[in-house]
Each structure stands twice: as structure tokens, then as C-alpha cells.
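A short worksheet on the structure shown next.
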Amino acid sequence: MSAARQPSPPSPPAVEQSPVRKPRTPRARKAPAPAKNGVRPAPALGADERARLLEGRHHDPHAVLGARTLRGGVAFRALRPYAEAVTVIAKGLRAELHDDGDGLFSGLLPLTEVPDYRLLVAYDGTEIEVHDPYRFLPALGELDLHLIGEGRHEQLWTALGAAPMEHQGVAGTRFTVWAPNAQGVRVTGDFSCWDPVGHPMRSLGGSGVWELFLPGIGAGALYKYDIARPDGSHTLRADPMARQAEVPPATASVVTESSYVWQDAEWMAKRGDLPPHRAPFSVYEVHLASWRPGLTYRQLAEQLPAYVKELGFTHVELMPVAEHPFGGSWGYQVTGFYAPTSRMGSPDDFRCLVDALHRAGIGVIVDWVPAHFPRDDWALAEFDGRPLYEHHDPRRAAHPDWGTLEFDYGRKEVRNFLVANAVYWCEEFHVDGLRVDAVASMLYLDYSRNEGEWSPNEHGGRENLDAVAMLQEMNATVYRRCPGVVTIAEESTAWDGVTRPTDGGGLGFGLKWNMGWMHDTLRYMSKEPVHRKYHHHDMTFGMVYAYSENYVLPISHDEVVHGKRALVSKIPGDWWQQRASHRAYLGFMWAHPGKQLLFMGQEFAQGAEWSEAHGPDWWLLDSSYSAAGDHRGVRALVGDLNRAYTDAPALWERDSVPEGFAWVEADAAEDNVFAFLRYAADGSPLLAVSNFSPVVRHDYRLGVPGDVPAWREVLNTDHERYGGSGVHHAKPLRPERKPAQGRPASLRLTLPPLATLWLRP
């Protein structure tokens with residue numbers, strides 16, 4: 001993780017603030033001064049209360065600051081560090097307060113009620129007129145506090161964080177933060193020249209929430225929270241609920257509000273027409289920062305939708321876009337769960353990208369990381385001086401693989417933070433799906449832990465029941481609130497019921513990555529063709545459990561980094577054989593039951609591993625490169641695969657039921673041949689045949705249904721357009737009344753080398 005950094009004060013914004021001055025040495029409390037200009041001394045603060053206020057340990061600064069009616073008049077008290085004088089002004093009133101030292105000013109005015117007043121604050125020859133933050137009632141309602149206390153605030157971002165608003169007729173920003181273990185909390189930022197003393201927040205009862213409305217502060221202001229820990233020390237923290245953050249390595253939170261006008265109403269209205277497991281669903285996985293390095297969200301909005309649409313993918317999946325300090329984590333170590341990373345622009349800029357994809361007819365899935373968070377000392381770790389977002393038991397808190405911390409899923413406020421965060425991305429940014437990262441690490445208490453390093457659950461088992469409950473609540477809430485959204489689990493174990501509805505005892509996901517299928521089939525493809533017969537079952541075993549969940553077949557970023565090699569480079573043989581096998585594998589994958597996902601760069605057979613530093617090797621497609629045609633051919637195939645897939649309901653309507661699939665030839669290990677039928681809801685078939693040998697197989701007989709008069713080749717990965725040898729069936733094939741593989745009729749096919757064919761009636 002990157003080292004924590006204190007943001008450097010930028011140029012002061014045009015808001016109510018103190019000018020930069022050197023801190024003064026705290027002065028002893030002055031003796032009561034005589035009345036001047038009708039202003040008598042206000043009752044003095046006790047030594048303890050004064051110290052708690054100045055040291056940021058006061059739970060209710062509004063009880064001592066601001067104005068209140070007392071016997072004998074109205075008492076005013078202001079905390080304005082570095083001010084030389086503070087004057088109360090109102091209609092017909094101008095009264096300078098007494099200087100009580102250390103930035104405190106007070107006075108007792110002969111008034112019968114608190115007027116509508118402002119403060120005139122003098123700094124070294126400069127005067128500014130400001131509203132007093134401590135004259136305002138709480139800007140957070142009782143219902144919000146009740147829902148927060150219950151852990152059921154499904155729009156938590158509307159209650160916590162920095163919210164520009166008009167409060168009691170005055171424009172400003174409400175700051176609210178959950179820090180139940182803090183002795184006190186102050187907000188600081190560029191508006192106070194990063195001096196926290198003048199802006200202590202009040203505690204709102206037993207909710208653990210601290211609140212302060214600051215007049216005159218608006219979008220663009222930088223801020224953090226200065227938290228007094230239980231031991232009296234202080235820590236400066238970014239806002240866990242910040243909707244925008246500074247560009248890393250800077251770490252301040254940014255006040256923001258959206259002015260974006262969405263133009264995707266048609267998409268949003270129809271996206272839920274078909275459940276994802278019964279709809280075409282072909283995903284292009286993208287790391288936004290490196291897809292075209294240097295592009296902003298709005299520049300990506302001009303390029304990415306057109307590229308994805310040309311390739312025919314139905315969805316993009318974006319690797320995590322939530323703010324993260326270390327780019328090398330690819331976004332999987334999140335510090336700003338509610339803030340799209342500022343590396344490529346503002347939250348509204350990200351909205352623009354999603355909107356553009358929707359208008360191009362492309363769904364948007366975002367990777368979501370509720371499994372863990374980094375230990376940066378300006379972020380969530382021991383946020384208020386004690387374990388808060390992480391589990392209090394160090395054995396449960398420490399993630400053994402990544403040096404990070406796991407969330408305390410059993411704490412209702414933490415569960416609420418995560419569930420609301422899932423809803424937030426769907427509602428605020430119109431995303432169409434959440435791919436939940438590292439689910440297996442959440443589900444098991446003994447995940448990557450040795451004997452003695454974990455404690456069993458209340459039933460003596462190794463299941464993390466708190467994590468299970470959180471995931472169930474997240475899925476149930478998202479599906480209830482956000483029609484048309486799908487949740488996808490990256491879950492690598494045999495946990496039962498990942499995609500079973502929560503009311504049936506399942507986790508409630510819509511889809512699950514099929515990691516087993518991916519590992520098995522890539523192992524097969526890594527073998528020399530002469531040896532593949534010994535691994536034939538690797539390509540067929542997935543059908544044993546294909547209907548236990550609703551699956552996605554993923555060739556993701558994880559499979560093309562860290563020495564695993566790019567997809568085409570995993571395959572043995574010369575360059576022609578590698579590309580041919582790459583194309584044949586994609587044809588097999590697109591026809592196999594389950595949705596499909598392909599990581600960027602693999603659509604044109606990039607030979608090098610992916611690097612977040614420079615992204616895909618686009619130069620491979622440049623016409624000046626001698627082998628560009630080879631890579632363009634693979635990309636042309638991917639586009640045709642997606643279009644043929646979308647046009648063939650047999651490949652997606654019955655993905656999750658056995659009636660949609662039947663083996664024709666699953667045992668031809670010596671030939672390296674696989675053949676199967678896919679069926680649409682109306683019974684119309686598609687025949688897929690793969691030959692993973694580098695030889696042409698003539699007169700290869702395969703059984704087919706007897707009621708189809710002729711079959712035509714709709715896709716052939718060996719087509720010359722894709723860089724193949726051009727072995728194909730130019731005319732429709734008529735079945736012979738000769739039984740084969742248990743079917744009444746059969747076709748005699750010529751199987752191209754290292755190729756996949758699709759045939760339809």
C-alpha cells in the first residue's frame with residue numbers, strides 16, 4: 001500500500017475561512033473583563049470543559065458555542081483560532097465580543113431572544129462576515145439516526161459523509177461521520193487551512209454519529225476528520241463515506257454533488273426484461289486505467305462503447321473503480337468505497353461513461369470488493385482508535401493472503417456500510433451488475449489459515465455465518481431495490497447454493513464464476529495435441545456439475561498475469577497452431593453452457609502478459625506490423641462469435657437447465673474431438689464440434705436429430721478471414737439415415753485442424 005500522506009494546502013477557495021497564520025502559543029484564560037459597549041462578559045467555561053473543547057475532546061460543542069438565552073441576556077461564544085476580534089452583527093446590532101484567549105471569544109448581550117445574527121471576524125487587518133456554524137440545529141433527522149442505529153439504512157450515503165445542502169435557509173455542507181469510540185471529532189480542510197481547532201463536531205446521542213453543518217462550504221472543498229482516540233491521541237482520517245477523493249497519492253476527501261443528467265432511460269426501463277441466466281450475456285473485462293492509458297472517463301466514453309459494440313459483447317466488467325491508493329493493486333485494495341477513483345475524473349465523469357455504454361446497448365458490471373481493506377493509517381483501519389470496520393479479534397481481522405483487514409460482518413453498522421455501498425453503485429451510477437470479489441475468503445473462517453489460527457463458529461463449523469448473512473442481505477436488498485441488476489460471485493469452492501435464492505437458503509447471487517471449468521480447460525489446452533487424449537476429461541468434467549449453479553465461464557485478468565502467460569501463450573505449438581487453438585478454444589467456450597467473460601487483450605491474441613503500467617499491446621493491430629493480420633483475424637472471430645451467439649437462442653436461453661444441452665461425442669479422446677447439441681426454448685438446435693488436433697478429419701460421422709432436413713455452417717474458427725486454413729462446408733449438409741451416437745440420423749463432416757464449427761438447421 002502507498003504511504004499515508006498529509007495533503008498540502010491548496011490555494012484557499014472562496015469560502016468562509018481563516019487566513020494562514022502561524023499558530024499562537026495558547027494563552028492562559030483571562031480574568032473577566034468589564035463591560036464594553038454594552039457587552040458584558042459571558043459566564044466563563046470551566047477549565048475542564050475549555051480544555052476538552054480546545055483539544056477536540058468535547059462531545060457537544062454546540063452546548064458551549066453559538067448563542068443561547070441566559071438570565072440577564074443572550075450569551076454568545078465563538079471559537080475562531082487566529083482571529084484578532086469577533087463581532088456579532090444583526091439588524092440594529094453590532095457588538096464586539098471579549099477575547100477569552102486561545103481563539104475563544106464571548107459576551108453577554110442585553111437581549112431577550114437570539115437574533116438572526118452573523119459573525120464579523122477580523123484577521124490581521126482583514127474582516128470576513130460569516131454564519132456561525134454553532135447556531136444551527138442538527139442537519140440529520142431522527143429517522144436517519146434510527147435506521148443507522150438499526151443497521152438498516154439502505155441509502156446510507158444520504159445520511160453520512162459530506163452533503164452540500166441548504167439548511168435553515170443557508171447554503172453549506174453537512175458533515176457526518178460514524179466514530180462511536182471517539183472522544184471527539186473535528187472536521188478540517190482547505191477551508192480552515194487544515195487547522196481542525198475551530199470546527200468541533202457534536203455527537204448525536206448513542207448513534208456514534210458526529211455532525212456539523214458548515215455554512216459557505218460547497219463542492220470541491222477538501223476535508224478530513226480529526227479524531228480524538230480513546231487514549232487521547234489524535235488521528236487524521238479520510239471520510240469512509242466520501243463520494244470523491246483526491247487523486248492519489250494525496251488522500252483528502254472532496255465535497256461533491258452531482259449535476260449529471262442521465263440519458264439512459266430506455267436502457268434502464270428494459271434491462272430487466274430477461275433474467276441474465278436466460279439472456280445473452282457475453283462480457284468484456286476491462287481495467288479502465290490501462291485499457292487506453294491516460295484517457296479520462298469522458299474520453300473513454302468516446303472510445304470504449306464503440307469498441308465493445310463492434311466486438312458484439314453485451315456487457316463490460318470494470319475492474320474495481322472505487323478509490324484505492326496503490327495502482328498496483330488494480331483496485332482490489334479499496335480505501336474509498338463510495339468514491340470512483342479520481343485518477344480519470346470526477347464521479348459525474350464516471351456517470352458519463354456508464355451512460356455512454358448504456359446508450360450503445362452495453363451493460364456495465366463493476367467489481368465490488370467487500371472482502372477486505374488495506375491498513376493505511378488515514379483510512380478505515382482502527383478508524384476511531386479501536387477496531388471498528390475490522391473484527392475486534394485479530395485472528396479474524398487479519399487477512400492472511402494480502403496483508404489487509406477483513407470486515408466485521410457481524411457488526412450491524414459495518415454490514416449496513418457494505419450493503420448500502422452495493423446499492424449505492426447501482427442507484428447512483430446505474431451499474432447493471434456487481435461482480436463480488438474473493439467470496440471464498442469471506443465464507444470460511446479457516447480460509448488460508450492453519451490449525452490454531454482460527455476459531456470455529458457457534459455451531460463448531462468453519463463457515464463464517466456473519467459473512468453469509470451479509471451476502472444474503474446484500475443480494476436480497478440489491479435485487480429488491482434495483483430491478484435488472486445482477487450480482488456475480490467469484491467463488492472458487494463447492495459452497496452449496498451460491499446462486500440459489502436467499503429464501504431457499506442460498507446466498508442469492510444471480511451468477512457464479514466457474515473457476516473449476518476454467519482451470520480444467522486451460523490445463524487441457526496447455527498440453528501438446530498428442531498428449532491431450534490423456535486429459536480428455538478436463539474438457540467434459542464441467543458438464544457433471546454445470547447445472548448446480550448459474551455459471552459464468554471466465555478467462556479473466558487473473559489468468560494472464562504473474563507468470564501464468566497470456567491465453568495464446570499457454571498453448572503449445574508454432575504460432576499458427578497457437579492462434580488456431582486459441583480460436584478453437586474460444587469457439588468451444590462460447591458454445592458451452594454458461595455465460596462467458598474475456599479479459600482485454602485476449603480478443604486479439606496478445607502474446608504478452610497484461611501489465612497495468614501499459615495495458616493491451618494495441619500495436620499488434622497496427623498495419624505497419626507484419627503480423628497484424630494474425631491478431632486482427634482473432635479479433636474478427638471474437639466479433640463474429642458474439643454476433644452468432646446473440647443470434648442463436650440455443651446458446652443462452654437454457655443455459656442453466658439440463659434440457660438445453662446434450663452430448664453427441666464426449667469420448668473421442670484419441671481424436672481430440674468434442675461435439676454437443678444446444679437447444680433453445682422452442683427446441684431448435686445448434687451443433688458445436690471442436691477438433692483439438694492439428695490434422696483434418698474427413699468423413700467424421702456425428703449423430704444428429706432426425707427431424708432436421710439440412711444443417712448449415714454458421715461459424716468456423718478455421719475460416720481464412722480469421723487466419724485459418726479455410727477448411728469449411730460451403731453448402732448445407734443433409735443428414736443420412738444412418739444412426740450414430742444413439743441418434744437416428746448422422747452427418748459426415750470434414751473437421752478442420754484445431755478448429756470449432758457451429759452448425760444450425
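Ordering of the C-alpha cells sets the chain letters (A, B, ...), residue numbers begin anew at 1 in every chain, and ligands are numbered from 1 in the order given.
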Considering only C-alpha atoms, give me a table of residues in stretch 38-67 of chain A that are at most 10 Å from stretch 135-145 of chain A, with the closest atom pair and distance in Å for each, as JSON lines.
```
{"residue": "A:His62", "atom": "CA", "partner": "A:Arg135", "partner_atom": "CA", "distance": 7.6}
{"residue": "A:Leu65", "atom": "CA", "partner": "A:Arg135", "partner_atom": "CA", "distance": 8.1}
{"residue": "A:Gly66", "atom": "CA", "partner": "A:Arg135", "partner_atom": "CA", "distance": 5.1}
{"residue": "A:Ala67", "atom": "CA", "partner": "A:Arg135", "partner_atom": "CA", "distance": 6.4}
```
### Task
Find the residues near A:Pro572: any atom within 10 Å, counting only C-alpha atoms, skip ones fewer than 6 places away on the same chain, and give them as an MDAnalysis selection string.
chainID A and resid 525:529 578 581
#### Entry: Non-local contacts of A:Leu53 (12 Å; only C-alpha atoms; under 2 positions in same chain excluded) as a PyMOL selection string
chain A and resi 45-51+55-65+78-79+102-104+183-186+196-202+228
### Task
Enter the distance from atom CA of A:Gly336 to atom CA of A:Gln244, in Å, rounded to one decimal.
7.9 Å
### Query
Hey, what's within 10 Å of A:Leu93 if we count only C-alpha atoms and toss same-chain stuff fewer than 4 positions away? As a list in words, please?
Thr87, Val88, Ile89, Leu109, Pro115 and Tyr117 of chain A
### Task
Would you kindly return, as JSON, numbers by chain, each protein, DNA or RNA residue with an atom no farther than 9 Å from any atom of stretch 754-761 of chain A, considering only C-alpha atoms and excluding same-chain residues fewer than 6 positions away?
{"A": [577, 580, 581, 582, 583, 584, 585, 586, 587, 588, 591, 648, 684, 685, 686, 687, 688, 689, 690, 691, 692, 693, 694, 695, 696, 708, 709, 710, 711, 712, 713, 714, 715, 716, 717, 718, 724, 728, 732]}
Same residues, N, CA, C and O atoms, saved as a short mmCIF file (atom, residue, chain, number, x, y, z; two decimals), in the first residue's frame:
```
data_model
loop_
_atom_site.label_atom_id
_atom_site.label_comp_id
_atom_site.auth_asym_id
_atom_site.auth_seq_id
_atom_site.Cartn_x
_atom_site.Cartn_y
_atom_site.Cartn_z
N GLN A 577 -0.37 -22.73 -34.96
CA GLN A 577 -1.11 -23.67 -34.11
C GLN A 577 -1.61 -22.99 -32.84
O GLN A 577 -2.72 -23.27 -32.38
N ALA A 580 -4.59 -20.91 -33.89
CA ALA A 580 -5.71 -21.78 -34.25
C ALA A 580 -6.34 -22.39 -33.01
O ALA A 580 -7.57 -22.45 -32.88
N SER A 581 -5.51 -22.84 -32.08
CA SER A 581 -6.03 -23.42 -30.84
C SER A 581 -6.75 -22.37 -30.01
O SER A 581 -7.77 -22.64 -29.37
N HIS A 582 -6.19 -21.17 -29.98
CA HIS A 582 -6.82 -20.04 -29.28
C HIS A 582 -8.23 -19.81 -29.83
O HIS A 582 -9.21 -19.69 -29.07
N ARG A 583 -8.35 -19.78 -31.16
CA ARG A 583 -9.66 -19.55 -31.78
C ARG A 583 -10.60 -20.72 -31.50
O ARG A 583 -11.79 -20.52 -31.19
N ALA A 584 -10.08 -21.94 -31.60
CA ALA A 584 -10.93 -23.12 -31.37
C ALA A 584 -11.44 -23.14 -29.93
O ALA A 584 -12.59 -23.50 -29.67
N TYR A 585 -10.57 -22.76 -28.99
CA TYR A 585 -10.96 -22.73 -27.58
C TYR A 585 -12.08 -21.71 -27.35
O TYR A 585 -13.05 -22.00 -26.64
N LEU A 586 -11.94 -20.54 -27.94
CA LEU A 586 -13.00 -19.53 -27.78
C LEU A 586 -14.31 -20.02 -28.38
O LEU A 586 -15.39 -19.80 -27.81
N GLY A 587 -14.25 -20.70 -29.52
CA GLY A 587 -15.47 -21.26 -30.11
C GLY A 587 -16.11 -22.29 -29.21
O GLY A 587 -17.35 -22.34 -29.07
N PHE A 588 -15.30 -23.15 -28.58
CA PHE A 588 -15.80 -24.14 -27.62
C PHE A 588 -16.42 -23.44 -26.42
O PHE A 588 -17.52 -23.80 -25.96
N ALA A 591 -19.82 -21.74 -27.01
CA ALA A 591 -20.92 -22.69 -27.24
C ALA A 591 -21.28 -23.47 -25.98
O ALA A 591 -22.39 -24.00 -25.88
N ALA A 648 -28.38 -16.80 -31.70
CA ALA A 648 -28.73 -18.21 -31.51
C ALA A 648 -29.27 -18.43 -30.10
O ALA A 648 -28.51 -18.69 -29.17
N SER A 684 -35.26 -25.63 -31.05
CA SER A 684 -34.34 -25.52 -32.19
C SER A 684 -32.91 -25.75 -31.71
O SER A 684 -32.49 -25.20 -30.69
N PRO A 685 -32.13 -26.55 -32.47
CA PRO A 685 -30.80 -26.95 -32.01
C PRO A 685 -29.67 -26.15 -32.65
O PRO A 685 -29.84 -25.46 -33.67
N LEU A 686 -28.51 -26.27 -32.01
CA LEU A 686 -27.24 -25.83 -32.59
C LEU A 686 -26.23 -26.92 -32.29
O LEU A 686 -26.15 -27.41 -31.16
N LEU A 687 -25.48 -27.32 -33.31
CA LEU A 687 -24.46 -28.35 -33.16
C LEU A 687 -23.09 -27.69 -33.10
O LEU A 687 -22.72 -26.92 -33.99
N ALA A 688 -22.34 -27.96 -32.02
CA ALA A 688 -20.98 -27.43 -31.87
C ALA A 688 -20.00 -28.60 -31.91
O ALA A 688 -20.19 -29.60 -31.20
N VAL A 689 -18.96 -28.48 -32.73
CA VAL A 689 -17.97 -29.54 -32.90
C VAL A 689 -16.58 -28.91 -32.80
O VAL A 689 -16.29 -27.94 -33.50
N SER A 690 -15.74 -29.46 -31.93
CA SER A 690 -14.37 -28.96 -31.78
C SER A 690 -13.38 -30.08 -32.06
O SER A 690 -13.53 -31.21 -31.55
N ASN A 691 -12.37 -29.75 -32.84
CA ASN A 691 -11.28 -30.68 -33.15
C ASN A 691 -9.98 -30.05 -32.65
O ASN A 691 -9.48 -29.08 -33.24
N PHE A 692 -9.45 -30.59 -31.56
CA PHE A 692 -8.24 -30.03 -30.97
C PHE A 692 -6.99 -30.80 -31.39
O PHE A 692 -6.01 -30.86 -30.64
N SER A 693 -7.04 -31.36 -32.57
CA SER A 693 -5.87 -31.99 -33.20
C SER A 693 -5.44 -31.16 -34.40
O SER A 693 -6.29 -30.55 -35.07
N PRO A 694 -4.13 -31.16 -34.72
CA PRO A 694 -3.65 -30.35 -35.85
C PRO A 694 -3.79 -31.05 -37.18
O PRO A 694 -3.00 -30.81 -38.10
N VAL A 695 -4.79 -31.94 -37.31
CA VAL A 695 -5.00 -32.67 -38.56
C VAL A 695 -6.44 -32.51 -38.99
O VAL A 695 -7.35 -32.35 -38.17
N VAL A 696 -6.65 -32.56 -40.32
CA VAL A 696 -8.01 -32.53 -40.87
C VAL A 696 -8.62 -33.92 -40.71
O VAL A 696 -7.97 -34.92 -41.01
N VAL A 708 -34.30 -32.73 -38.64
CA VAL A 708 -33.69 -31.55 -39.26
C VAL A 708 -33.27 -31.94 -40.68
O VAL A 708 -32.39 -32.79 -40.86
N PRO A 709 -33.84 -31.32 -41.71
CA PRO A 709 -33.55 -31.74 -43.09
C PRO A 709 -32.15 -31.35 -43.58
O PRO A 709 -31.59 -32.01 -44.44
N ALA A 710 -31.61 -30.25 -43.04
CA ALA A 710 -30.29 -29.81 -43.50
C ALA A 710 -29.65 -28.92 -42.44
O ALA A 710 -30.35 -28.25 -41.66
N TRP A 711 -28.33 -28.92 -42.44
CA TRP A 711 -27.56 -28.10 -41.49
C TRP A 711 -26.62 -27.19 -42.28
O TRP A 711 -26.06 -27.58 -43.29
N ARG A 712 -26.48 -25.97 -41.79
CA ARG A 712 -25.56 -25.05 -42.43
C ARG A 712 -24.51 -24.58 -41.42
O ARG A 712 -24.79 -24.43 -40.23
N GLU A 713 -23.35 -24.35 -41.91
CA GLU A 713 -22.25 -23.90 -41.06
C GLU A 713 -22.42 -22.40 -40.81
O GLU A 713 -22.41 -21.60 -41.74
N VAL A 714 -22.57 -22.01 -39.54
CA VAL A 714 -22.76 -20.59 -39.22
C VAL A 714 -21.51 -19.97 -38.63
O VAL A 714 -21.39 -18.74 -38.55
N LEU A 715 -20.56 -20.82 -38.20
CA LEU A 715 -19.30 -20.29 -37.68
C LEU A 715 -18.24 -21.38 -37.81
O LEU A 715 -18.49 -22.55 -37.52
N ASN A 716 -17.06 -20.96 -38.23
CA ASN A 716 -15.94 -21.88 -38.40
C ASN A 716 -14.68 -21.11 -38.03
O ASN A 716 -14.28 -20.18 -38.72
N THR A 717 -14.04 -21.49 -36.93
CA THR A 717 -12.87 -20.74 -36.46
C THR A 717 -11.67 -20.93 -37.36
O THR A 717 -10.65 -20.25 -37.19
N ASP A 718 -11.75 -21.85 -38.34
CA ASP A 718 -10.66 -22.08 -39.29
C ASP A 718 -10.83 -21.26 -40.57
O ASP A 718 -10.08 -21.42 -41.52
N GLY A 724 -7.22 -18.80 -40.53
CA GLY A 724 -7.24 -20.25 -40.59
C GLY A 724 -6.88 -20.79 -41.96
O GLY A 724 -6.55 -20.04 -42.90
N HIS A 728 -13.76 -25.79 -44.84
CA HIS A 728 -15.11 -25.46 -44.40
C HIS A 728 -16.13 -26.18 -45.28
O HIS A 728 -15.79 -26.82 -46.28
N PRO A 732 -24.99 -26.47 -47.56
CA PRO A 732 -25.68 -27.14 -46.45
C PRO A 732 -25.42 -28.65 -46.46
O PRO A 732 -25.23 -29.25 -47.53
#
```
### Query
Tell me, which residues of stretch 113-210 of chain A carry DSSP strand (DSSP E or B), written as JSON, numbers by chain?
{"A": [118, 119, 120, 121, 122, 123, 126, 127, 128, 129, 130, 161, 162, 163, 164, 165, 166, 167, 170, 171, 172, 173, 174, 175, 176, 177, 178, 184, 185, 186, 187, 188, 189, 200, 202, 203, 209, 210]}
### Task
Find the residues around A:Arg229 up to 9 Å (only C-alpha atoms counted), leave out those fewer than 5 positions away in its own chain, and share them as number ranges by chain.
A: 57, 181-184, 234-235, 383-386
